[in-house]
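Enquirer: This is the structure I have questions about; it appears just below.
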Amino acid sequence: MPSKGKVSISKDTGETHRYPPHDQELNDIENSRFQVAKVGVDGGEDDGVGEDTVNQYQYTWNLKSLGQLTREALPKYDNYRDLMSVHAAPRPTLDDLHNATFHEKPSKKEEDETVLKGKVIKFGWLEGVLMRCLLNIWGVMLFLRLSWVVGQAGVLEGFLLITLANLVTFITAFSMSAVSTNGLIKGGGIYYMISRSLGPEFGAAIGLMFTVANSIAVALYIVGFCESLNSLLQRNGYEGIIDGDVNDIRIVGVVVLVLILVLAFVGMDWVTRTQMFLLVVLIAAQLDYIVGNIIGPKSDEEKAEGFVGFDWETLKVNWYADYRTGIDGDNSKQDFFSVFGVFFPAVTGIVAGANLSGDLKDPASAIPKGTLLAITITYVSYIGYAIMMGASVIREANGDVSDFNLGNYTQCMSTDDNVEVNNCAFGLLNDSQVMALVSGWWPLIYGGCFAATLSSAIASLVGAPRVLQALAKDRLYPSIHFFEKGYGANNDPVRGYILVFLVSLGCLLIAKLNAIAPLLSNFFLAAYCLINFSVFHASITKSPGWRPSFKYYNAWVSLCGSILCIAVMFLMSWITALITVAISVFLYLYVSYRGPDVNWGSSTQAQSYNSALKSVQELNQVEEHVKNYRPQILIFSGMPSSRPPLIDFGYLLVKNVSLMICAQVVKGHYNQRVRNSLQRQAYSWLNKHKKKGFYTLIEDNSYERGCHSIMQTAGLGRLKPNMVLLGYKADWTKADTNTGIELKDYFGVIHEALDMHLAVAILRLPEGLDYSDVIEEEDQLRSQQLLDVKKELGIPRNQSESQLSQDGNSSESSSTPPSPKLDRLASAQKVFEGQSVKRKRSRKTSGSCTYMGHGGTALPRQVLVNVTQFQRKQKKGTIDVWWLYDDGGLTILLPYILTTRSQFTGCQLRIFTLSSRKDELGREQRNMAALLAKFRIEYSDVIIIPDITKKAKEVTKKEFETFIEPFKGEETEDGTFITDAELLTLREKTNRHLRMRELLQQHSIDSTFVVITLPVPRRGTVSAPLYMAWLEMMTKGMPPILLVRGNQTSVLTFYS
């Protein structure tokens, strides 16, 4: 026996619970893994052992850890992983902690995970981002077009042009750095950033465009390589393969493109090695150019070709712009922005590192560091080289040494058959190989040009398929998932390589560098615009989830960057810009129309919340006006799938322009997971059937109290229900005459609604409204079934609702549980474990196709007709409106709204009203017609009923007696019986309702739809069964009928 004041703990291997709770340890010893001998324990803390307890007890700590003392989970990385990750660690749910439920920790199953064999290559910021960005930015434009830019724009405007281009990329890089440090960045680069920041619509549009842009870029860089190669061959006296021009570029270009594709197939490791070598060559070529500038011209031939060495006069001549025609057969006059369009691709390599985000060790750190440093280095180099060119090379020279010696080598224009001909083939404007001319050793410049063009082409061909692969994995476009499959340890997108190869091949056939460059510039500017806008949008929405670790950004600077990108697009070429914008808008609208089932926590979602909140707050400041009245309906439908016709009718009244809330009262206590499951099922049904509304659930053993609570709490501010819609209780005569609880609750709901000054409407259909026992919706479990399953299975551990929304590709918070068709218990198990069944989404389904019987069987045709009654066009006829008493005009407004819907376009209103005097029928009819005219409500006829007080027929009275006979009895406090005194007191009122039945049978038995003023049950005067007998008499055997009572406040006005 242990001594007093000590607790000895010994292991018991007979139990299998992994993490027993602390209260079970102390109180339910036999269920624990450990035996605890408790001596002199007066009390203890709920979680673990407090300071006083430690003084009283001595624990054998080597046998028990903190994880065995408490159910709580310590904060750790795995708790916040994506739920689809096999490393995700579910924390205990609130039910586990609060309700002391306990279940085995679920085993982690690696589903849909393909084990890729081979060596996984991950890069740091130096080789993964900086090197790739430098190789892309120091591209073909540096060697082949920078001299032309300086020749056209001059040194001053060339400096402004380069600065403007780099200003766009600098702002974009800062924005990209903010986005890339706001959470874990996966593969897909710029597409992943934009889609997760702005949403799938923007992401899908820019992702596809960016893939195309990079595919075009491959062709651009290869054309640059071929131009440089042609120049080299011609310099050495080789005339070319065919014509030494366009066709040679096409032939050599195809060969180079195939070789690059083969290199991509070999793998990223060899791509990186190749690019490292090319970077060394590229840097060496630039050093060669700088050395050549310092040395100066080495012969008269170089001087004759325009290289005069550093000269102040040359700098002054080249300082200002001298825009002329283009090159490569482009005879159009150039300007600042046309030259900018040609040059801008030189700086677009800033996303080369971001495109490979999935191959980086730490994208959040590598992308900002590598990209910003690369932009800084290349900007300084471009400015330096432009100044060197402007100071050492003249604009035009004919290359003739004799003319140079005579001093007229710059005279280029001559006349041939009265046509001016430019005889100068050298200088900044005419020679694309100025850097080779100036260099100390020209072959190294060609090597640098080859390295720049090939490295850029490789980077684009490797990057574009990865963007396409990420886009395909999200399945935002139909059939694009073909490109999501990867091969090898690095998940290389081989299929994407082939597609990009084909697109590049098509662009390669253009073989004109200046023709391809502006098109490419527009696509890149569109992408940069959205990157900047995503930062601005995320910042102004002030979402708590926007917490980038990169702090050196500003929302308004990012907005300026977006505007600058758009402005430059249109200034370069407004036609190309319009085409780019049109393509973006089309792709955005297409993806938006498809409605991708993703939940990425984008700033667009945050803005939706902000906009909705602001609108509700502004609405709260607006005084209600009768002209703006619209029915905001609270439908006591239960689960929406149980009463489809009631939901359909309510939706006809609101039709996307008013509020509709479906309410359900359930008996018993449900834990939060069951409530969440019911809520997901309800919203899934509403979305599937294209009904825009809300769903609310309340637990109460009393239906009346539950409805009362919902009526009190539903809505927000002025956005709250002003009308209650009920289904008619057709089985009221079967109510228990001893207790009458169901009947009394139903009657009480009407009282509660009227007490709260809510309008009341009751819909009755000849075939009834409740189809819960006939229809089985896919992925639906009824509340009672869920409750039964909960009791039988005990609800296994599951992730919290907040965690469920973390997974982007299959958001559990918006999906529905698996179908309960075959085995409800097994299906419910999957529901609570968060498993889901992926089904092919059907975009266009008719209303009847969405309803199935139990076990997936087809429903009888008549049942389908009844269920979809208000989804179809109604037969041509009349909507009879029995406006018996003035309730504020709701009785006339609702049928008018129905006539504006396509289902009732063939129906006209026929108005019935009462008159107290037979000798004034004509005047009453004219007054009613005038009133309707002022309300601007069209009608086919107005009928005045003069004899409502006439005695009802005996047959009608006998029918009424059959309804009330089972409920006759002595007076009770709860009003569940009809007394003789009550019948005597209300005999005149009863007679009017019986007379109404006769009139309805006489005039409206063949109408399409009937609307009648609902009689108000005076509290304490009429009992529930008597009131229901009145309604039964008026509605039995009638076409679809709606009983309506407004709240005695005007909802119509004839004032403007």
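Labels used: A, B, ... for chains in the order of the structure tokens, numbers from 1 for residues in each chain, and numbers from 1 for ligands as shown.
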Write out as a tab-separated table the residues of region 192-304 of chain A that have any atom within 12 Å of an atom of region 139-160 of chain A, one row each with the nearest atom pair and its distance in Å to one decimal, counting only C-alpha atoms, sorted by chain and then rising number.

Expert:
residue	atom	partner	partner_atom	distance
A:Ala217	CA	A:Val140	CA	10.6
A:Val218	CA	A:Val140	CA	11.0
A:Ala219	CA	A:Val140	CA	11.3
A:Leu220	CA	A:Val140	CA	8.3
A:Tyr221	CA	A:Val140	CA	6.0
A:Ile222	CA	A:Val140	CA	8.7
A:Val223	CA	A:Val140	CA	8.9
A:Gly224	CA	A:Val140	CA	5.6
A:Phe225	CA	A:Val140	CA	7.3
A:Cys226	CA	A:Val140	CA	10.4
A:Glu227	CA	A:Leu144	CA	8.5
A:Ser228	CA	A:Leu144	CA	7.6
A:Leu229	CA	A:Leu144	CA	11.4
A:Ser231	CA	A:Leu144	CA	10.6
A:Leu278	CA	A:Gly139	CA	11.3
A:Leu279	CA	A:Gly139	CA	10.8
A:Leu282	CA	A:Gly139	CA	9.3
A:Ile283	CA	A:Gly139	CA	11.7
A:Ala285	CA	A:Phe143	CA	9.8
A:Gln286	CA	A:Phe143	CA	9.4
A:Tyr289	CA	A:Phe143	CA	10.2

Enquirer: Could you save the residues just selected, with C-alpha atoms, as a compact mmCIF listing (two decimals), in the first residue's frame?

Expert:
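part-v6.txt written:
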# COMPACT_ATOMS: atom_id res chain seq x y z
CA ALA A 217 8.40 33.80 -75.09
CA VAL A 218 10.12 30.54 -76.00
CA ALA A 219 9.64 31.42 -79.68
CA LEU A 220 10.81 34.98 -79.06
CA TYR A 221 14.07 33.90 -77.49
CA ILE A 222 14.77 31.25 -80.12
CA VAL A 223 14.16 33.78 -82.91
CA GLY A 224 16.67 36.04 -81.17
CA PHE A 225 19.16 33.19 -81.05
CA CYS A 226 18.67 32.48 -84.75
CA GLU A 227 19.08 36.14 -85.68
CA SER A 228 22.34 36.25 -83.80
CA LEU A 229 23.49 33.01 -85.41
CA SER A 231 24.58 37.47 -88.23
CA LEU A 278 25.12 29.67 -69.61
CA LEU A 279 25.13 32.26 -66.80
CA LEU A 282 26.59 35.50 -70.17
CA ILE A 283 28.52 37.37 -67.47
CA ALA A 285 30.20 38.35 -72.49
CA GLN A 286 29.09 41.46 -70.61
CA TYR A 289 31.62 44.39 -73.80

Enquirer: Give me the residues within 12 Å of Gly341 (chain A) as a ChimeraX atom specification, counting only C-alpha atoms and dropping any in the same chain fewer than 6 places off.

Expert: /A:141,145,149,161-162,164-165,334-335,347-348,513-525,565,568-574,576-577

Enquirer: Would you save the residues of that selection, restricted to C-alpha atoms, as a PDB file, in the first residue's frame?

Expert:
ATOM      1  CA  MET A 141      16.878  42.153 -75.970  1.00  0.00           C
ATOM      2  CA  ARG A 145      17.665  45.361 -79.316  1.00  0.00           C
ATOM      3  CA  VAL A 149      16.306  51.315 -78.337  1.00  0.00           C
ATOM      4  CA  LEU A 161      12.114  53.965 -70.922  1.00  0.00           C
ATOM      5  CA  ILE A 162      14.294  51.480 -69.037  1.00  0.00           C
ATOM      6  CA  LEU A 164       9.612  52.914 -66.546  1.00  0.00           C
ATOM      7  CA  ALA A 165       9.909  49.253 -67.494  1.00  0.00           C
ATOM      8  CA  GLN A 334       8.321  54.650 -84.086  1.00  0.00           C
ATOM      9  CA  ASP A 335       7.519  56.513 -80.877  1.00  0.00           C
ATOM     10  CA  VAL A 347      12.556  42.868 -68.045  1.00  0.00           C
ATOM     11  CA  THR A 348       9.810  40.251 -67.877  1.00  0.00           C
ATOM     12  CA  LEU A 513      11.379  39.438 -83.327  1.00  0.00           C
ATOM     13  CA  ASN A 514       9.702  42.861 -83.317  1.00  0.00           C
ATOM     14  CA  ALA A 515       6.355  41.315 -84.307  1.00  0.00           C
ATOM     15  CA  ILE A 516       6.361  38.821 -81.438  1.00  0.00           C
ATOM     16  CA  ALA A 517       7.636  41.150 -78.685  1.00  0.00           C
ATOM     17  CA  PRO A 518       4.605  43.530 -78.330  1.00  0.00           C
ATOM     18  CA  LEU A 519       2.173  40.605 -78.136  1.00  0.00           C
ATOM     19  CA  LEU A 520       4.282  39.061 -75.395  1.00  0.00           C
ATOM     20  CA  SER A 521       4.532  42.384 -73.557  1.00  0.00           C
ATOM     21  CA  ASN A 522       0.748  42.687 -73.317  1.00  0.00           C
ATOM     22  CA  PHE A 523       0.316  39.255 -71.781  1.00  0.00           C
ATOM     23  CA  PHE A 524       3.024  39.879 -69.206  1.00  0.00           C
ATOM     24  CA  LEU A 525       1.625  43.314 -68.340  1.00  0.00           C
ATOM     25  CA  CYS A 565       0.440  48.310 -66.369  1.00  0.00           C
ATOM     26  CA  VAL A 568       1.315  51.032 -70.769  1.00  0.00           C
ATOM     27  CA  MET A 569      -0.627  48.203 -72.447  1.00  0.00           C
ATOM     28  CA  PHE A 570      -2.877  50.662 -74.264  1.00  0.00           C
ATOM     29  CA  LEU A 571      -0.110  53.142 -75.042  1.00  0.00           C
ATOM     30  CA  MET A 572       1.968  50.411 -76.668  1.00  0.00           C
ATOM     31  CA  SER A 573      -0.847  49.091 -78.861  1.00  0.00           C
ATOM     32  CA  TRP A 574      -4.451  49.746 -78.011  1.00  0.00           C
ATOM     33  CA  THR A 576      -3.441  44.377 -78.823  1.00  0.00           C
ATOM     34  CA  ALA A 577      -4.420  45.644 -75.367  1.00  0.00           C
TER      35      ALA A 577
END

Enquirer: Can you list every residue in region 296-361 of chain A that DSSP puts in alpha helix (DSSP H), as a PyMOL selection string?

Expert: chain A and resi 300-304+312-319+336-343

Enquirer: Dump N, CA, C and O atoms for the selected residues as a PDB file, in the first residue's frame?

Expert:
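Result file follows (out_35.pdb):
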ATOM      1  N   ASP A 300      40.103  51.114 -88.365  1.00  0.00           N
ATOM      2  CA  ASP A 300      39.225  52.024 -89.102  1.00  0.00           C
ATOM      3  C   ASP A 300      37.935  51.337 -89.508  1.00  0.00           C
ATOM      4  O   ASP A 300      36.893  51.983 -89.668  1.00  0.00           O
ATOM      5  N   GLU A 301      38.012  50.039 -89.718  1.00  0.00           N
ATOM      6  CA  GLU A 301      36.779  49.315 -90.063  1.00  0.00           C
ATOM      7  C   GLU A 301      35.741  49.457 -88.950  1.00  0.00           C
ATOM      8  O   GLU A 301      34.554  49.671 -89.228  1.00  0.00           O
ATOM      9  N   GLU A 302      36.143  49.335 -87.716  1.00  0.00           N
ATOM     10  CA  GLU A 302      35.212  49.478 -86.595  1.00  0.00           C
ATOM     11  C   GLU A 302      34.682  50.909 -86.521  1.00  0.00           C
ATOM     12  O   GLU A 302      33.503  51.129 -86.228  1.00  0.00           O
ATOM     13  N   LYS A 303      35.551  51.873 -86.769  1.00  0.00           N
ATOM     14  CA  LYS A 303      35.080  53.262 -86.767  1.00  0.00           C
ATOM     15  C   LYS A 303      34.102  53.509 -87.895  1.00  0.00           C
ATOM     16  O   LYS A 303      33.108  54.223 -87.714  1.00  0.00           O
ATOM     17  N   ALA A 304      34.396  52.913 -89.064  1.00  0.00           N
ATOM     18  CA  ALA A 304      33.500  53.097 -90.205  1.00  0.00           C
ATOM     19  C   ALA A 304      32.129  52.476 -89.947  1.00  0.00           C
ATOM     20  O   ALA A 304      31.130  52.914 -90.505  1.00  0.00           O
ATOM     21  N   TRP A 312      32.431  62.763 -76.150  1.00  0.00           N
ATOM     22  CA  TRP A 312      31.431  63.677 -75.598  1.00  0.00           C
ATOM     23  C   TRP A 312      30.463  64.166 -76.659  1.00  0.00           C
ATOM     24  O   TRP A 312      29.266  64.296 -76.422  1.00  0.00           O
ATOM     25  N   GLU A 313      30.978  64.424 -77.855  1.00  0.00           N
ATOM     26  CA  GLU A 313      30.126  64.899 -78.937  1.00  0.00           C
ATOM     27  C   GLU A 313      29.125  63.820 -79.350  1.00  0.00           C
ATOM     28  O   GLU A 313      27.971  64.121 -79.637  1.00  0.00           O
ATOM     29  N   THR A 314      29.606  62.595 -79.398  1.00  0.00           N
ATOM     30  CA  THR A 314      28.686  61.489 -79.738  1.00  0.00           C
ATOM     31  C   THR A 314      27.580  61.371 -78.700  1.00  0.00           C
ATOM     32  O   THR A 314      26.413  61.152 -79.040  1.00  0.00           O
ATOM     33  N   LEU A 315      27.931  61.524 -77.415  1.00  0.00           N
ATOM     34  CA  LEU A 315      26.924  61.458 -76.353  1.00  0.00           C
ATOM     35  C   LEU A 315      25.902  62.571 -76.505  1.00  0.00           C
ATOM     36  O   LEU A 315      24.695  62.351 -76.309  1.00  0.00           O
ATOM     37  N   LYS A 316      26.375  63.783 -76.874  1.00  0.00           N
ATOM     38  CA  LYS A 316      25.443  64.904 -77.035  1.00  0.00           C
ATOM     39  C   LYS A 316      24.504  64.661 -78.211  1.00  0.00           C
ATOM     40  O   LYS A 316      23.316  64.972 -78.147  1.00  0.00           O
ATOM     41  N   VAL A 317      25.042  64.099 -79.295  1.00  0.00           N
ATOM     42  CA  VAL A 317      24.195  63.808 -80.460  1.00  0.00           C
ATOM     43  C   VAL A 317      23.157  62.728 -80.122  1.00  0.00           C
ATOM     44  O   VAL A 317      21.994  62.806 -80.527  1.00  0.00           O
ATOM     45  N   ASN A 318      23.585  61.734 -79.390  1.00  0.00           N
ATOM     46  CA  ASN A 318      22.688  60.612 -79.045  1.00  0.00           C
ATOM     47  C   ASN A 318      21.856  60.865 -77.797  1.00  0.00           C
ATOM     48  O   ASN A 318      21.108  59.979 -77.364  1.00  0.00           O
ATOM     49  N   TRP A 319      21.976  62.024 -77.186  1.00  0.00           N
ATOM     50  CA  TRP A 319      21.291  62.283 -75.912  1.00  0.00           C
ATOM     51  C   TRP A 319      19.775  62.325 -76.090  1.00  0.00           C
ATOM     52  O   TRP A 319      19.024  61.809 -75.276  1.00  0.00           O
ATOM     53  N   PHE A 336       7.802  56.630 -78.480  1.00  0.00           N
ATOM     54  CA  PHE A 336       8.311  56.168 -77.191  1.00  0.00           C
ATOM     55  C   PHE A 336       7.696  54.827 -76.800  1.00  0.00           C
ATOM     56  O   PHE A 336       8.399  53.892 -76.388  1.00  0.00           O
ATOM     57  N   PHE A 337       6.376  54.711 -76.956  1.00  0.00           N
ATOM     58  CA  PHE A 337       5.705  53.504 -76.457  1.00  0.00           C
ATOM     59  C   PHE A 337       5.819  52.325 -77.422  1.00  0.00           C
ATOM     60  O   PHE A 337       5.753  51.174 -76.991  1.00  0.00           O
ATOM     61  N   SER A 338       5.987  52.585 -78.708  1.00  0.00           N
ATOM     62  CA  SER A 338       6.235  51.456 -79.611  1.00  0.00           C
ATOM     63  C   SER A 338       7.611  50.856 -79.340  1.00  0.00           C
ATOM     64  O   SER A 338       7.779  49.628 -79.376  1.00  0.00           O
ATOM     65  N   VAL A 339       8.584  51.714 -79.045  1.00  0.00           N
ATOM     66  CA  VAL A 339       9.905  51.223 -78.666  1.00  0.00           C
ATOM     67  C   VAL A 339       9.838  50.527 -77.310  1.00  0.00           C
ATOM     68  O   VAL A 339      10.482  49.489 -77.088  1.00  0.00           O
ATOM     69  N   PHE A 340       9.032  51.091 -76.412  1.00  0.00           N
ATOM     70  CA  PHE A 340       8.849  50.462 -75.095  1.00  0.00           C
ATOM     71  C   PHE A 340       8.281  49.057 -75.244  1.00  0.00           C
ATOM     72  O   PHE A 340       8.684  48.122 -74.536  1.00  0.00           O
ATOM     73  N   GLY A 341       7.328  48.885 -76.168  1.00  0.00           N
ATOM     74  CA  GLY A 341       6.733  47.575 -76.390  1.00  0.00           C
ATOM     75  C   GLY A 341       7.732  46.548 -76.862  1.00  0.00           C
ATOM     76  O   GLY A 341       7.641  45.363 -76.517  1.00  0.00           O
ATOM     77  N   VAL A 342       8.712  46.993 -77.668  1.00  0.00           N
ATOM     78  CA  VAL A 342       9.742  46.071 -78.123  1.00  0.00           C
ATOM     79  C   VAL A 342      10.696  45.732 -76.984  1.00  0.00           C
ATOM     80  O   VAL A 342      11.133  44.579 -76.842  1.00  0.00           O
ATOM     81  N   PHE A 343      11.007  46.723 -76.145  1.00  0.00           N
ATOM     82  CA  PHE A 343      12.009  46.507 -75.099  1.00  0.00           C
ATOM     83  C   PHE A 343      11.455  45.786 -73.871  1.00  0.00           C
ATOM     84  O   PHE A 343      12.193  45.050 -73.205  1.00  0.00           O
TER      85      PHE A 343
END

Enquirer: Could you pull the residues within 12 Å of Gln1002 (chain A), counting only C-alpha atoms, minus those fewer than 6 positions along the same chain, as a list of chain:residue names?

Expert: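 Returned residues: A:Ile945, A:Arg995, A:Met996, A:Met1034, A:Met1038.
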
Enquirer: Keeping only N, CA, C and O atoms, take the residues you just selected and write them out as a compact mmCIF listing (two decimals), in the first residue's frame.

Expert:
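Final output, again_6.txt:
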# COMPACT_ATOMS: atom_id res chain seq x y z
N ILE A 945 -69.08 40.49 -53.94
CA ILE A 945 -69.90 39.46 -53.29
C ILE A 945 -70.80 40.16 -52.26
O ILE A 945 -70.31 40.67 -51.24
N ARG A 995 -70.00 29.92 -45.59
CA ARG A 995 -70.52 30.58 -46.80
C ARG A 995 -69.38 30.82 -47.80
O ARG A 995 -69.56 30.70 -49.02
N MET A 996 -68.19 31.14 -47.27
CA MET A 996 -67.02 31.33 -48.13
C MET A 996 -66.70 30.05 -48.89
O MET A 996 -66.30 30.09 -50.05
N MET A 1034 -62.68 26.12 -46.03
CA MET A 1034 -62.42 27.05 -47.14
C MET A 1034 -61.48 26.46 -48.18
O MET A 1034 -61.56 26.81 -49.36
N MET A 1038 -60.02 22.40 -53.18
CA MET A 1038 -59.78 23.55 -54.04
C MET A 1038 -58.47 23.37 -54.81
O MET A 1038 -57.63 22.54 -54.47

Enquirer: What's the 10 Å shell around Glu920 (chain A), counting only C-alpha atoms, without same-chain residues fewer than 4 positions away, as a PyMOL selection string?

Expert: chain A and resi 915-916+924-925+944+946

Enquirer: Which residues come within 8 Å of Thr211 (chain A), counting only C-alpha atoms, excluding same-chain residues fewer than 4 positions away, as a compact mmCIF listing (two decimals) with N, CA and C atoms, in the first residue's frame?

Expert:
# COMPACT_ATOMS: atom_id res chain seq x y z
N GLY A 207 -3.74 32.44 -65.44
CA GLY A 207 -2.94 31.22 -65.54
C GLY A 207 -2.84 30.74 -66.97
N SER A 215 4.85 30.46 -73.57
CA SER A 215 5.03 29.67 -74.79
C SER A 215 5.49 30.57 -75.93
N ALA A 464 6.45 27.43 -68.11
CA ALA A 464 5.06 27.45 -68.60
C ALA A 464 4.31 26.16 -68.32
N PRO A 465 4.89 24.97 -68.57
CA PRO A 465 4.15 23.73 -68.27
C PRO A 465 3.83 23.55 -66.80
N VAL A 467 3.06 25.99 -64.70
CA VAL A 467 1.87 26.81 -64.47
C VAL A 467 0.64 26.09 -65.00
N LEU A 468 0.76 25.51 -66.18
CA LEU A 468 -0.36 24.76 -66.77
C LEU A 468 -0.71 23.55 -65.91
N VAL A 500 3.41 23.18 -74.86
CA VAL A 500 4.15 24.43 -75.00
C VAL A 500 5.06 24.37 -76.24

Enquirer: Going by DSSP on the backbone, which residues of region 302-439 of chain A come out as strand (DSSP E or B)? List them as a PyMOL selection string.

Expert: chain A and resi 307+325+333+360+393+397+413-416+419-422+426

Enquirer: Dump N, CA, C and O atoms for the selected residues as a short mmCIF file (atom, residue, chain, number, x, y, z; two decimals), in the first residue's frame?

Expert:
data_model
loop_
_atom_site.label_atom_id
_atom_site.label_comp_id
_atom_site.auth_asym_id
_atom_site.auth_seq_id
_atom_site.Cartn_x
_atom_site.Cartn_y
_atom_site.Cartn_z
N PHE A 307 31.50 52.61 -84.43
CA PHE A 307 32.08 52.58 -83.10
C PHE A 307 33.24 53.57 -83.05
O PHE A 307 34.30 53.33 -83.61
N THR A 325 11.86 54.88 -88.71
CA THR A 325 11.13 53.64 -88.99
C THR A 325 11.80 52.48 -88.27
O THR A 325 12.94 52.58 -87.81
N LYS A 333 6.49 54.61 -88.44
CA LYS A 333 7.25 55.55 -87.62
C LYS A 333 7.14 55.15 -86.15
O LYS A 333 6.07 54.90 -85.64
N LEU A 360 11.24 24.95 -55.10
CA LEU A 360 12.09 25.72 -54.20
C LEU A 360 12.01 25.16 -52.78
O LEU A 360 10.96 24.68 -52.35
N VAL A 393 28.88 54.89 -79.80
CA VAL A 393 28.44 54.43 -81.11
C VAL A 393 27.47 55.44 -81.70
O VAL A 393 26.55 55.90 -81.01
N ALA A 397 25.88 54.45 -89.80
CA ALA A 397 27.15 54.47 -90.53
C ALA A 397 27.06 53.46 -91.66
O ALA A 397 26.36 52.45 -91.54
N MET A 413 21.55 58.41 -96.99
CA MET A 413 20.44 58.45 -97.94
C MET A 413 20.93 58.75 -99.33
O MET A 413 21.76 59.63 -99.56
N SER A 414 20.46 57.97 -100.30
CA SER A 414 20.75 58.21 -101.71
C SER A 414 19.46 58.02 -102.49
O SER A 414 18.46 57.50 -101.98
N THR A 415 19.49 58.45 -103.75
CA THR A 415 18.29 58.37 -104.59
C THR A 415 18.51 57.34 -105.68
O THR A 415 19.51 57.40 -106.41
N ASP A 416 17.57 56.40 -105.77
CA ASP A 416 17.62 55.36 -106.80
C ASP A 416 16.27 55.30 -107.48
O ASP A 416 15.27 54.86 -106.90
N VAL A 419 13.63 57.18 -105.70
CA VAL A 419 13.26 56.59 -104.42
C VAL A 419 14.46 56.70 -103.49
O VAL A 419 15.57 56.30 -103.85
N GLU A 420 14.19 57.27 -102.29
CA GLU A 420 15.28 57.41 -101.32
C GLU A 420 15.61 56.04 -100.71
O GLU A 420 14.72 55.30 -100.29
N VAL A 421 16.90 55.72 -100.69
CA VAL A 421 17.37 54.44 -100.18
C VAL A 421 18.38 54.70 -99.08
O VAL A 421 19.25 55.56 -99.21
N ASN A 422 18.22 53.93 -97.98
CA ASN A 422 19.16 54.03 -96.86
C ASN A 422 20.30 53.05 -97.11
O ASN A 422 20.11 51.84 -97.14
N PHE A 426 24.92 49.94 -90.60
CA PHE A 426 25.58 49.87 -89.31
C PHE A 426 25.12 51.03 -88.43
O PHE A 426 24.36 51.90 -88.85
#

Enquirer: Would you compute the distance between CA of Tyr771 (chain A) and CA of Trp732 (chain A)? Give it in Å to one decimal.

Expert: 17.4 Å

Enquirer: State, in Å with one decimal place, the distance from CA of Val674 (chain A) to CA of Ala612 (chain A).

Expert: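 Going from CA of Val674 (chain A) over to CA of Ala612 (chain A), I get 27.9 Å.
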
Enquirer: Show me a table, sorted first by chain and then by increasing residue number, of the residues of region 580-665 of chain A having an atom at most 12 Å from region 897-903 of chain A, each with its shortest atom pair and the distance in Å to one decimal, counting only C-alpha atoms and written as CSV.

Expert:
residue,atom,partner,partner_atom,distance
A:Arg630,CA,A:Ile897,CA,9.8
A:Pro631,CA,A:Ile897,CA,9.9
A:Asp648,CA,A:Gln903,CA,11.1
A:Phe649,CA,A:Leu898,CA,9.3
A:Gly650,CA,A:Leu898,CA,10.4
A:Tyr651,CA,A:Leu898,CA,10.5
A:Leu652,CA,A:Leu898,CA,6.9
A:Leu653,CA,A:Ile897,CA,6.4
A:Val654,CA,A:Ile897,CA,8.9
A:Lys655,CA,A:Arg901,CA,8.7
A:Val657,CA,A:Ile897,CA,11.8

Enquirer: Within 12 Å of Glu618 (chain A), counting only C-alpha atoms, which residues qualify if same-chain residues fewer than 6 places away don't, as a list in words?

Expert: Ser611, Ala612, Gly717, Arg718 and Leu719 of chain A

Enquirer: Would you export the selected residues with N, CA and C atoms as a PDB file, in the first residue's frame, please?

Expert:
ATOM      1  N   SER A 611     -18.420  43.855 -48.338  1.00  0.00           N
ATOM      2  CA  SER A 611     -19.483  44.530 -49.086  1.00  0.00           C
ATOM      3  C   SER A 611     -20.851  44.224 -48.495  1.00  0.00           C
ATOM      4  N   ALA A 612     -21.053  42.941 -48.142  1.00  0.00           N
ATOM      5  CA  ALA A 612     -22.335  42.559 -47.552  1.00  0.00           C
ATOM      6  C   ALA A 612     -22.540  43.260 -46.211  1.00  0.00           C
ATOM      7  N   GLY A 717     -30.565  43.282 -38.648  1.00  0.00           N
ATOM      8  CA  GLY A 717     -30.967  44.657 -38.919  1.00  0.00           C
ATOM      9  C   GLY A 717     -32.291  44.692 -39.649  1.00  0.00           C
ATOM     10  N   ARG A 718     -32.315  45.468 -40.745  1.00  0.00           N
ATOM     11  CA  ARG A 718     -33.534  45.539 -41.557  1.00  0.00           C
ATOM     12  C   ARG A 718     -33.645  44.374 -42.526  1.00  0.00           C
ATOM     13  N   LEU A 719     -32.585  43.612 -42.626  1.00  0.00           N
ATOM     14  CA  LEU A 719     -32.623  42.434 -43.489  1.00  0.00           C
ATOM     15  C   LEU A 719     -33.148  41.258 -42.673  1.00  0.00           C
TER      16      LEU A 719
END

Enquirer: Would you work out the distance separating CA of Val749 (chain A) from CA of Lys691 (chain A), expressed in Å to one decimal?

Expert: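 Separating CA of Val749 (chain A) from CA of Lys691 (chain A) is a distance of 25.2 Å.
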